[in-house]
$ cat data.pdb   # PDB, N, CA and C atoms
ATOM      1  N   MET A   1      88.115  97.260 114.420  1.00  0.00           N
ATOM      2  CA  MET A   1      88.713  97.642 113.161  1.00  0.00           C
ATOM      3  C   MET A   1      89.890  96.712 112.870  1.00  0.00           C
ATOM      4  N   PRO A   2      89.943  96.147 111.667  1.00  0.00           N
ATOM      5  CA  PRO A   2      91.080  95.289 111.325  1.00  0.00           C
ATOM      6  C   PRO A   2      92.367  96.093 111.213  1.00  0.00           C
ATOM      7  N   ARG A   3      93.455  95.461 111.584  1.00  0.00           N
ATOM      8  CA  ARG A   3      94.761  96.129 111.503  1.00  0.00           C
ATOM      9  C   ARG A   3      95.522  95.609 110.292  1.00  0.00           C
ATOM     10  N   PHE A   4      96.211  96.518 109.612  1.00  0.00           N
ATOM     11  CA  PHE A   4      97.027  96.202 108.448  1.00  0.00           C
ATOM     12  C   PHE A   4      98.369  95.670 108.930  1.00  0.00           C
ATOM     13  N   HIS A   5      98.836  94.612 108.324  1.00  0.00           N
ATOM     14  CA  HIS A   5     100.142  94.044 108.677  1.00  0.00           C
ATOM     15  C   HIS A   5     101.021  94.037 107.429  1.00  0.00           C
ATOM     16  N   ALA A   6     102.068  94.836 107.435  1.00  0.00           N
ATOM     17  CA  ALA A   6     103.020  94.872 106.319  1.00  0.00           C
ATOM     18  C   ALA A   6     103.841  93.596 106.327  1.00  0.00           C
ATOM     19  N   ARG A   7     103.789  92.845 105.255  1.00  0.00           N
ATOM     20  CA  ARG A   7     104.540  91.586 105.166  1.00  0.00           C
ATOM     21  C   ARG A   7     105.937  91.856 104.627  1.00  0.00           C
ATOM     22  N   ILE A   8     106.791  92.301 105.504  1.00  0.00           N
ATOM     23  CA  ILE A   8     108.144  92.654 105.082  1.00  0.00           C
ATOM     24  C   ILE A   8     109.206  91.717 105.643  1.00  0.00           C
ATOM     25  N   GLU A   9     108.775  90.607 106.212  1.00  0.00           N
ATOM     26  CA  GLU A   9     109.739  89.673 106.794  1.00  0.00           C
ATOM     27  C   GLU A   9     110.878  89.323 105.839  1.00  0.00           C
ATOM     28  N   PRO A  10     110.600  89.105 104.535  1.00  0.00           N
ATOM     29  CA  PRO A  10     111.714  88.776 103.630  1.00  0.00           C
ATOM     30  C   PRO A  10     112.743  89.901 103.500  1.00  0.00           C
ATOM     31  N   PHE A  11     112.356  91.124 103.851  1.00  0.00           N
ATOM     32  CA  PHE A  11     113.249  92.267 103.691  1.00  0.00           C
ATOM     33  C   PHE A  11     113.896  92.712 105.002  1.00  0.00           C
ATOM     34  N   ALA A  12     113.617  92.025 106.076  1.00  0.00           N
ATOM     35  CA  ALA A  12     114.183  92.392 107.376  1.00  0.00           C
ATOM     36  C   ALA A  12     115.703  92.325 107.356  1.00  0.00           C
ATOM     37  N   GLY A  13     116.257  91.410 106.589  1.00  0.00           N
ATOM     38  CA  GLY A  13     117.705  91.287 106.484  1.00  0.00           C
ATOM     39  C   GLY A  13     118.361  92.501 105.848  1.00  0.00           C
ATOM     40  N   LEU A  14     117.566  93.284 105.110  1.00  0.00           N
ATOM     41  CA  LEU A  14     118.079  94.515 104.498  1.00  0.00           C
ATOM     42  C   LEU A  14     117.992  95.695 105.451  1.00  0.00           C
ATOM     43  N   GLY A  15     117.340  95.485 106.583  1.00  0.00           N
ATOM     44  CA  GLY A  15     117.196  96.552 107.564  1.00  0.00           C
ATOM     45  C   GLY A  15     115.842  97.238 107.568  1.00  0.00           C
ATOM     46  N   LEU A  16     114.878  96.714 106.789  1.00  0.00           N
ATOM     47  CA  LEU A  16     113.526  97.288 106.787  1.00  0.00           C
ATOM     48  C   LEU A  16     112.713  96.689 107.925  1.00  0.00           C
ATOM     49  N   HIS A  17     112.092  97.558 108.699  1.00  0.00           N
ATOM     50  CA  HIS A  17     111.270  97.110 109.815  1.00  0.00           C
ATOM     51  C   HIS A  17     109.973  97.913 109.825  1.00  0.00           C
ATOM     52  N   PRO A  18     108.852  97.276 110.161  1.00  0.00           N
ATOM     53  CA  PRO A  18     107.579  98.006 110.179  1.00  0.00           C
ATOM     54  C   PRO A  18     107.518  99.007 111.331  1.00  0.00           C
ATOM     55  N   ALA A  19     106.731 100.047 111.113  1.00  0.00           N
ATOM     56  CA  ALA A  19     106.494 101.070 112.134  1.00  0.00           C
ATOM     57  C   ALA A  19     104.988 101.270 112.247  1.00  0.00           C
ATOM     58  N   PRO A  20     104.486 101.662 113.412  1.00  0.00           N
ATOM     59  CA  PRO A  20     103.049 101.886 113.554  1.00  0.00           C
ATOM     60  C   PRO A  20     102.585 103.068 112.699  1.00  0.00           C
ATOM     61  N   HIS A  21     101.465 102.895 111.997  1.00  0.00           N
ATOM     62  CA  HIS A  21     100.891 103.989 111.207  1.00  0.00           C
ATOM     63  C   HIS A  21     100.268 105.003 112.156  1.00  0.00           C
ATOM     64  N   SER A  22     100.294 106.265 111.780  1.00  0.00           N
ATOM     65  CA  SER A  22      99.809 107.333 112.660  1.00  0.00           C
ATOM     66  C   SER A  22      98.330 107.220 113.003  1.00  0.00           C
ATOM     67  N   THR A  23      97.546 106.523 112.178  1.00  0.00           N
ATOM     68  CA  THR A  23      96.115 106.360 112.440  1.00  0.00           C
ATOM     69  C   THR A  23      95.822 105.168 113.336  1.00  0.00           C
ATOM     70  N   GLY A  24      96.827 104.342 113.592  1.00  0.00           N
ATOM     71  CA  GLY A  24      96.621 103.137 114.377  1.00  0.00           C
ATOM     72  C   GLY A  24      96.049 101.988 113.559  1.00  0.00           C
ATOM     73  N   MET A  25      96.004 102.147 112.230  1.00  0.00           N
ATOM     74  CA  MET A  25      95.438 101.114 111.359  1.00  0.00           C
ATOM     75  C   MET A  25      96.327  99.887 111.237  1.00  0.00           C
ATOM     76  N   GLY A  26      97.553  99.981 111.675  1.00  0.00           N
ATOM     77  CA  GLY A  26      98.458  98.849 111.569  1.00  0.00           C
ATOM     78  C   GLY A  26      99.882  99.307 111.365  1.00  0.00           C
ATOM     79  N   ASP A  27     100.685  98.423 110.810  1.00  0.00           N
ATOM     80  CA  ASP A  27     102.101  98.691 110.604  1.00  0.00           C
ATOM     81  C   ASP A  27     102.375  99.014 109.139  1.00  0.00           C
ATOM     82  N   VAL A  28     103.336  99.898 108.915  1.00  0.00           N
ATOM     83  CA  VAL A  28     103.704 100.325 107.569  1.00  0.00           C
ATOM     84  C   VAL A  28     105.218 100.465 107.472  1.00  0.00           C
ATOM     85  N   ILE A  29     105.692 100.746 106.268  1.00  0.00           N
ATOM     86  CA  ILE A  29     107.087 101.105 106.049  1.00  0.00           C
ATOM     87  C   ILE A  29     107.121 102.621 105.963  1.00  0.00           C
ATOM     88  N   ASP A  30     107.896 103.258 106.811  1.00  0.00           N
ATOM     89  CA  ASP A  30     108.024 104.714 106.762  1.00  0.00           C
ATOM     90  C   ASP A  30     108.863 105.110 105.559  1.00  0.00           C
ATOM     91  N   VAL A  31     108.375 106.105 104.812  1.00  0.00           N
ATOM     92  CA  VAL A  31     109.102 106.636 103.663  1.00  0.00           C
ATOM     93  C   VAL A  31     109.068 108.156 103.703  1.00  0.00           C
ATOM     94  N   ASP A  32     110.009 108.774 102.993  1.00  0.00           N
ATOM     95  CA  ASP A  32     109.989 110.230 102.878  1.00  0.00           C
ATOM     96  C   ASP A  32     109.136 110.625 101.674  1.00  0.00           C
ATOM     97  N   ALA A  33     109.141 111.900 101.319  1.00  0.00           N
ATOM     98  CA  ALA A  33     108.303 112.404 100.224  1.00  0.00           C
ATOM     99  C   ALA A  33     108.661 111.783  98.876  1.00  0.00           C
ATOM    100  N   MET A  34     109.868 111.280  98.738  1.00  0.00           N
ATOM    101  CA  MET A  34     110.287 110.650  97.480  1.00  0.00           C
ATOM    102  C   MET A  34     110.112 109.135  97.491  1.00  0.00           C
ATOM    103  N   GLY A  35     109.593 108.590  98.593  1.00  0.00           N
ATOM    104  CA  GLY A  35     109.386 107.152  98.682  1.00  0.00           C
ATOM    105  C   GLY A  35     110.584 106.387  99.204  1.00  0.00           C
ATOM    106  N   ALA A  36     111.632 107.104  99.634  1.00  0.00           N
ATOM    107  CA  ALA A  36     112.837 106.442 100.145  1.00  0.00           C
ATOM    108  C   ALA A  36     112.599 105.946 101.567  1.00  0.00           C
ATOM    109  N   THR A  37     113.069 104.750 101.841  1.00  0.00           N
ATOM    110  CA  THR A  37     112.988 104.196 103.189  1.00  0.00           C
ATOM    111  C   THR A  37     114.217 104.640 103.975  1.00  0.00           C
ATOM    112  N   ALA A  38     114.328 104.178 105.203  1.00  0.00           N
ATOM    113  CA  ALA A  38     115.483 104.506 106.036  1.00  0.00           C
ATOM    114  C   ALA A  38     116.749 103.803 105.560  1.00  0.00           C
ATOM    115  N   VAL A  39     116.599 102.825 104.667  1.00  0.00           N
ATOM    116  CA  VAL A  39     117.745 102.095 104.135  1.00  0.00           C
ATOM    117  C   VAL A  39     118.134 102.724 102.795  1.00  0.00           C
ATOM    118  N   ASP A  40     119.353 103.192 102.697  1.00  0.00           N
ATOM    119  CA  ASP A  40     119.832 103.879 101.501  1.00  0.00           C
ATOM    120  C   ASP A  40     119.647 103.017 100.256  1.00  0.00           C
ATOM    121  N   GLY A  41     119.009 103.597  99.233  1.00  0.00           N
ATOM    122  CA  GLY A  41     118.822 102.904  97.960  1.00  0.00           C
ATOM    123  C   GLY A  41     117.572 102.049  97.866  1.00  0.00           C
ATOM    124  N   ILE A  42     116.787 101.951  98.936  1.00  0.00           N
ATOM    125  CA  ILE A  42     115.562 101.147  98.906  1.00  0.00           C
ATOM    126  C   ILE A  42     114.360 102.072  99.006  1.00  0.00           C
ATOM    127  N   PHE A  43     113.435 101.915  98.045  1.00  0.00           N
ATOM    128  CA  PHE A  43     112.230 102.730  97.984  1.00  0.00           C
ATOM    129  C   PHE A  43     111.015 101.839  98.172  1.00  0.00           C
ATOM    130  N   SER A  44     109.926 102.433  98.617  1.00  0.00           N
ATOM    131  CA  SER A  44     108.686 101.694  98.826  1.00  0.00           C
ATOM    132  C   SER A  44     107.512 102.548  98.368  1.00  0.00           C
ATOM    133  N   ALA A  45     106.472 101.903  97.863  1.00  0.00           N
ATOM    134  CA  ALA A  45     105.279 102.608  97.405  1.00  0.00           C
ATOM    135  C   ALA A  45     104.069 101.701  97.602  1.00  0.00           C
ATOM    136  N   GLY A  46     102.906 102.296  97.561  1.00  0.00           N
ATOM    137  CA  GLY A  46     101.680 101.525  97.622  1.00  0.00           C
ATOM    138  C   GLY A  46     101.096 101.445  99.012  1.00  0.00           C
ATOM    139  N   SER A  47     100.235 100.463  99.195  1.00  0.00           N
ATOM    140  CA  SER A  47      99.504 100.355 100.446  1.00  0.00           C
ATOM    141  C   SER A  47     100.398  99.992 101.633  1.00  0.00           C
ATOM    142  N   ILE A  48     101.597  99.529 101.378  1.00  0.00           N
ATOM    143  CA  ILE A  48     102.508  99.215 102.482  1.00  0.00           C
ATOM    144  C   ILE A  48     103.004 100.488 103.168  1.00  0.00           C
ATOM    145  N   THR A  49     102.841 101.644 102.497  1.00  0.00           N
ATOM    146  CA  THR A  49     103.225 102.916 103.094  1.00  0.00           C
ATOM    147  C   THR A  49     102.027 103.691 103.620  1.00  0.00           C
ATOM    148  N   ASN A  50     100.811 103.322 103.193  1.00  0.00           N
ATOM    149  CA  ASN A  50      99.583 103.979 103.650  1.00  0.00           C
ATOM    150  C   ASN A  50      98.417 103.002 103.549  1.00  0.00           C
ATOM    151  N   PRO A  51      98.085 102.314 104.631  1.00  0.00           N
ATOM    152  CA  PRO A  51      97.039 101.293 104.561  1.00  0.00           C
ATOM    153  C   PRO A  51      95.642 101.851 104.331  1.00  0.00           C
ATOM    154  N   GLY A  52      95.465 103.158 104.434  1.00  0.00           N
ATOM    155  CA  GLY A  52      94.154 103.752 104.211  1.00  0.00           C
ATOM    156  C   GLY A  52      93.793 103.873 102.748  1.00  0.00           C
ATOM    157  N   GLN A  53      94.755 103.691 101.862  1.00  0.00           N
ATOM    158  CA  GLN A  53      94.493 103.785 100.437  1.00  0.00           C
ATOM    159  C   GLN A  53      94.483 102.397  99.816  1.00  0.00           C
ATOM    160  N   GLN A  54      93.747 102.269  98.727  1.00  0.00           N
ATOM    161  CA  GLN A  54      93.800 101.032  97.968  1.00  0.00           C
ATOM    162  C   GLN A  54      95.118 100.986  97.224  1.00  0.00           C
ATOM    163  N   VAL A  55      95.511  99.832  96.735  1.00  0.00           N
ATOM    164  CA  VAL A  55      96.842  99.643  96.161  1.00  0.00           C
ATOM    165  C   VAL A  55      97.122 100.571  94.982  1.00  0.00           C
ATOM    166  N   LEU A  56      96.266 100.623  93.975  1.00  0.00           N
ATOM    167  CA  LEU A  56      96.568 101.431  92.789  1.00  0.00           C
ATOM    168  C   LEU A  56      96.646 102.925  93.087  1.00  0.00           C
ATOM    169  N   PRO A  57      95.681 103.528  93.795  1.00  0.00           N
ATOM    170  CA  PRO A  57      95.836 104.954  94.107  1.00  0.00           C
ATOM    171  C   PRO A  57      97.057 105.245  94.988  1.00  0.00           C
ATOM    172  N   ALA A  58      97.371 104.352  95.907  1.00  0.00           N
ATOM    173  CA  ALA A  58      98.531 104.569  96.776  1.00  0.00           C
ATOM    174  C   ALA A  58      99.822 104.542  95.966  1.00  0.00           C
ATOM    175  N   ALA A  59      99.933 103.610  95.031  1.00  0.00           N
ATOM    176  CA  ALA A  59     101.134 103.525  94.197  1.00  0.00           C
ATOM    177  C   ALA A  59     101.220 104.721  93.255  1.00  0.00           C
ATOM    178  N   ALA A  60     100.093 105.144  92.723  1.00  0.00           N
ATOM    179  CA  ALA A  60     100.090 106.279  91.800  1.00  0.00           C
ATOM    180  C   ALA A  60     100.441 107.578  92.506  1.00  0.00           C
ATOM    181  N   ARG A  61     100.201 107.658  93.791  1.00  0.00           N
ATOM    182  CA  ARG A  61     100.465 108.863  94.563  1.00  0.00           C
ATOM    183  C   ARG A  61     101.950 109.121  94.745  1.00  0.00           C
ATOM    184  N   GLN A  62     102.766 108.093  94.651  1.00  0.00           N
ATOM    185  CA  GLN A  62     104.200 108.256  94.867  1.00  0.00           C
ATOM    186  C   GLN A  62     104.789 109.122  93.763  1.00  0.00           C
ATOM    187  N   PRO A  63     105.682 110.042  94.123  1.00  0.00           N
ATOM    188  CA  PRO A  63     106.277 110.935  93.123  1.00  0.00           C
ATOM    189  C   PRO A  63     107.202 110.198  92.166  1.00  0.00           C
ATOM    190  N   ARG A  64     107.400 110.764  91.025  1.00  0.00           N
ATOM    191  CA  ARG A  64     108.354 110.206  90.049  1.00  0.00           C
ATOM    192  C   ARG A  64     109.769 110.453  90.569  1.00  0.00           C
ATOM    193  N   ARG A  65     110.623 109.477  90.363  1.00  0.00           N
ATOM    194  CA  ARG A  65     111.998 109.595  90.828  1.00  0.00           C
ATOM    195  C   ARG A  65     112.908 109.970  89.670  1.00  0.00           C
ATOM    196  N   ARG A  66     113.970 110.654  90.019  1.00  0.00           N
ATOM    197  CA  ARG A  66     114.969 110.971  89.010  1.00  0.00           C
ATOM    198  C   ARG A  66     115.728 109.703  88.635  1.00  0.00           C
ATOM    199  N   ARG A  67     116.162 109.651  87.424  1.00  0.00           N
ATOM    200  CA  ARG A  67     116.958 108.506  86.992  1.00  0.00           C
ATOM    201  C   ARG A  67     118.307 108.528  87.685  1.00  0.00           C
ATOM    202  N   CYS A  68     118.784 107.351  88.012  1.00  0.00           N
ATOM    203  CA  CYS A  68     120.101 107.237  88.647  1.00  0.00           C
ATOM    204  C   CYS A  68     121.181 107.350  87.592  1.00  0.00           C
ATOM    205  N   ARG A  69     122.235 108.008  87.944  1.00  0.00           N
ATOM    206  CA  ARG A  69     123.386 108.123  87.044  1.00  0.00           C
ATOM    207  C   ARG A  69     124.551 107.348  87.611  1.00  0.00           C
ATOM    208  N   ASP A  70     125.356 106.794  86.717  1.00  0.00           N
ATOM    209  CA  ASP A  70     126.573 106.102  87.155  1.00  0.00           C
ATOM    210  C   ASP A  70     127.687 107.101  87.314  1.00  0.00           C
TER     211      ASP A  70
END
$ encode --input "data.pdb" --output "structure tokens"
Amino acid sequence: MPRFHARIEPFAGLGLHPAPHSTGMGDVIDVDAMGATAVDGIFSAGSITNPGQQVLPAAARQPRRRRCRD
């Protein structure tokens, strides 16, 4: 079975690091139910958070976020 590799090297400087997916399909970015990563203010969506889904359904699955206020 091919393994998914999240290409997040450009974001490593921000503190994002891949984690093994629970199915063993490869590496992903862990997010909470709102799509927030472990780094405050950075969100992720799509197949990088769930390699078992195709890109469009995975992105559409992410919940809508509240608008930020100043």
$ atom_distance --input "data.pdb" --atom1 "CA of Ala38 in chain A" --atom2 "CA of Ala19 in chain A"
11.4 Å
$ closest_residue --input "data.pdb" --among "A:Gly52, A:Ile42, A:Ala6, A:Gly15" --to "Asp27 in chain A" --atoms "all atoms listed in the file"
A:Ala6
$ resolve_selection --input "data.pdb" --expression "the PyMOL selection byres ((chain A and resi 30) around 7)" --output "list of chain:residue names"
A:His17, A:Pro18, A:Ala19, A:Val28, A:Ile29, A:Val31, A:Asp32, A:Gly35, A:Ala36, A:Thr37, A:Ala38, A:Ile48, A:Thr49
$ atom_distance --input "data.pdb" --atom1 "CA of Pro10 in chain A" --atom2 "CA of Met25 in chain A"
21.8 Å
$ closest_residue --input "data.pdb" --among "A:Phe4, A:Asn50, A:Glu9, A:Asp40" --to "Gly26 in chain A" --atoms "all atoms listed in the file"
A:Phe4
$ atom_distance --input "data.pdb" --atom1 "atom C of Thr23 in chain A" --atom2 "atom N of Ala45 in chain A"
19.1 Å
$ axis_aligned_box --input "data.pdb" --around "range 27-45 of chain A" --padding-each-side "3 Å" --output "AutoDock Vina command-line options"
--center_x 110.3 --center_y 105.4 --center_z 104.1 --size_x 25.1 --size_y 20.0 --size_z 19.4
$ select_by_dssp --input "data.pdb" --residues "range 7-63 of chain A" --states "helix (DSSP H, G or I)" --output "ChimeraX atom specification"
/A:9-14,55-61
